[in-house]
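Worksheet: one structure, shown below.
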Amino acid sequence: MDTVRSGVGLRLIAADELDGNSRPDACVEVFFGPMRPADDPDAIHIPPPFRITPTELVHLWAEAECALGEVRAEVMRAEIAWKKALGEWYMEGRHAVESREPGSALLAGVLEALRKHS
């Protein structure tokens with residue numbers, strides 16, 4: 001199966017290309033690479049480019065960084081919670097092994113822990 005690599009690019013528009021433009025300050029062109037729509041994986045879509053001002057570009061970058069920071073923080077919280085749960089499961093299993101709890105009781109405890117955290 002072939003893959004389509006999407007990407008984002010920027011291009012500073014030359015002054016002669018801005019002649020007659022209703023927004024001459026919108027001198028940064030944002031363009032995207034080909035994408036596959038989720039509802040039709042066989043199709044390839046190339047979104048049209050659009051123009052923005054340098055100030056809008058900085059705002060877009062700042063907002064994207066803020067959103068990515070929130071995603072990173074959430075991922076870290078989830079990873080910490082997973083490690084904590086994994087540690088608890090490890091300790092429960094270790095205690096069960098040390099107490100020589102029968103195998104079926106240990107398995108039932110592990111299954112119950114998995115049900116609680118899924």
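Numbering starts fresh at 1 for the residues of each chain in the structure tokens, the chains themselves are lettered A, B, ... in the order given, and ligands are numbered from 1 as they appear.
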
Within 12 Å of Lys116 in chain A, counting only C-alpha atoms, which residues qualify if same-chain residues fewer than 5 places away don't, as number ranges by chain?
A: 85, 89, 109-111

Please produce a file of the residues just selected, as a PDB file, in the first residue's frame, where the atoms kept are N, CA and C atoms.
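To be explicit, this is the file written out as result.pdb:
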```
ATOM      1  N   ALA A  85      -0.107   2.431  38.008  1.00  0.00           N
ATOM      2  CA  ALA A  85      -0.958   1.234  37.975  1.00  0.00           C
ATOM      3  C   ALA A  85      -0.125  -0.013  37.727  1.00  0.00           C
ATOM      4  N   TRP A  89       0.169  -3.255  40.136  1.00  0.00           N
ATOM      5  CA  TRP A  89      -0.067  -4.621  39.669  1.00  0.00           C
ATOM      6  C   TRP A  89       1.147  -5.494  39.964  1.00  0.00           C
ATOM      7  N   GLY A 109      -7.150 -12.084  40.334  1.00  0.00           N
ATOM      8  CA  GLY A 109      -6.765 -10.739  40.778  1.00  0.00           C
ATOM      9  C   GLY A 109      -6.212  -9.894  39.657  1.00  0.00           C
ATOM     10  N   VAL A 110      -5.410 -10.487  38.782  1.00  0.00           N
ATOM     11  CA  VAL A 110      -4.870  -9.756  37.648  1.00  0.00           C
ATOM     12  C   VAL A 110      -5.986  -9.343  36.697  1.00  0.00           C
ATOM     13  N   LEU A 111      -6.912 -10.260  36.406  1.00  0.00           N
ATOM     14  CA  LEU A 111      -8.040  -9.941  35.526  1.00  0.00           C
ATOM     15  C   LEU A 111      -8.912  -8.835  36.105  1.00  0.00           C
TER      16      LEU A 111
END
```

Write out as JSON, numbers by chain the set of residues from range 4-78 of chain A that DSSP, computed on the backbone, places in alpha helix (DSSP H).
{"A": [54, 55, 56, 57, 58, 59, 60, 61, 62, 63, 64, 65, 66, 67, 68, 69, 70, 71, 72, 73, 74, 75, 76, 77, 78]}

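Distances to Val28 in chain A were evaluated for A:Met91, A:Ile46, A:Val97, A:Val58 using only C-alpha atoms, and the minimum falls at A:Val58.
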
Taking into account only C-alpha atoms, which residue in the set A:Leu106, A:Leu57, A:Gly7, A:Leu18 is nearest to Tyr90 in chain A?
A:Leu106

Mind listing the strand (DSSP E or B) residues of chain A, per DSSP on the backbone, as number ranges by chain?
A: 8-12, 28-32, 35, 45, 50-52

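Across the structure, CA of Ala26 in chain A and CA of Arg11 in chain A are spaced 11.3 Å apart.
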
As a check of understanding: the span from CA of Glu65 in chain A to CA of Ser22 in chain A is 29.8 Å

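For the set A:Met35, A:Leu114, A:Ala105, A:Ala96, the residue with the smallest atom-to-atom gap to Trp82 in chain A is A:Leu114, counting only C-alpha atoms.
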
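From CA of Ala64 in chain A back to CA of Pro34 in chain A, the distance works out to 20.8 Å.
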
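The smallest atom-to-atom distance between Gly87 in chain A and any of A:Leu68, A:Ala38, A:Ala113, A:Ala62, using only C-alpha atoms, is found for A:Ala113.
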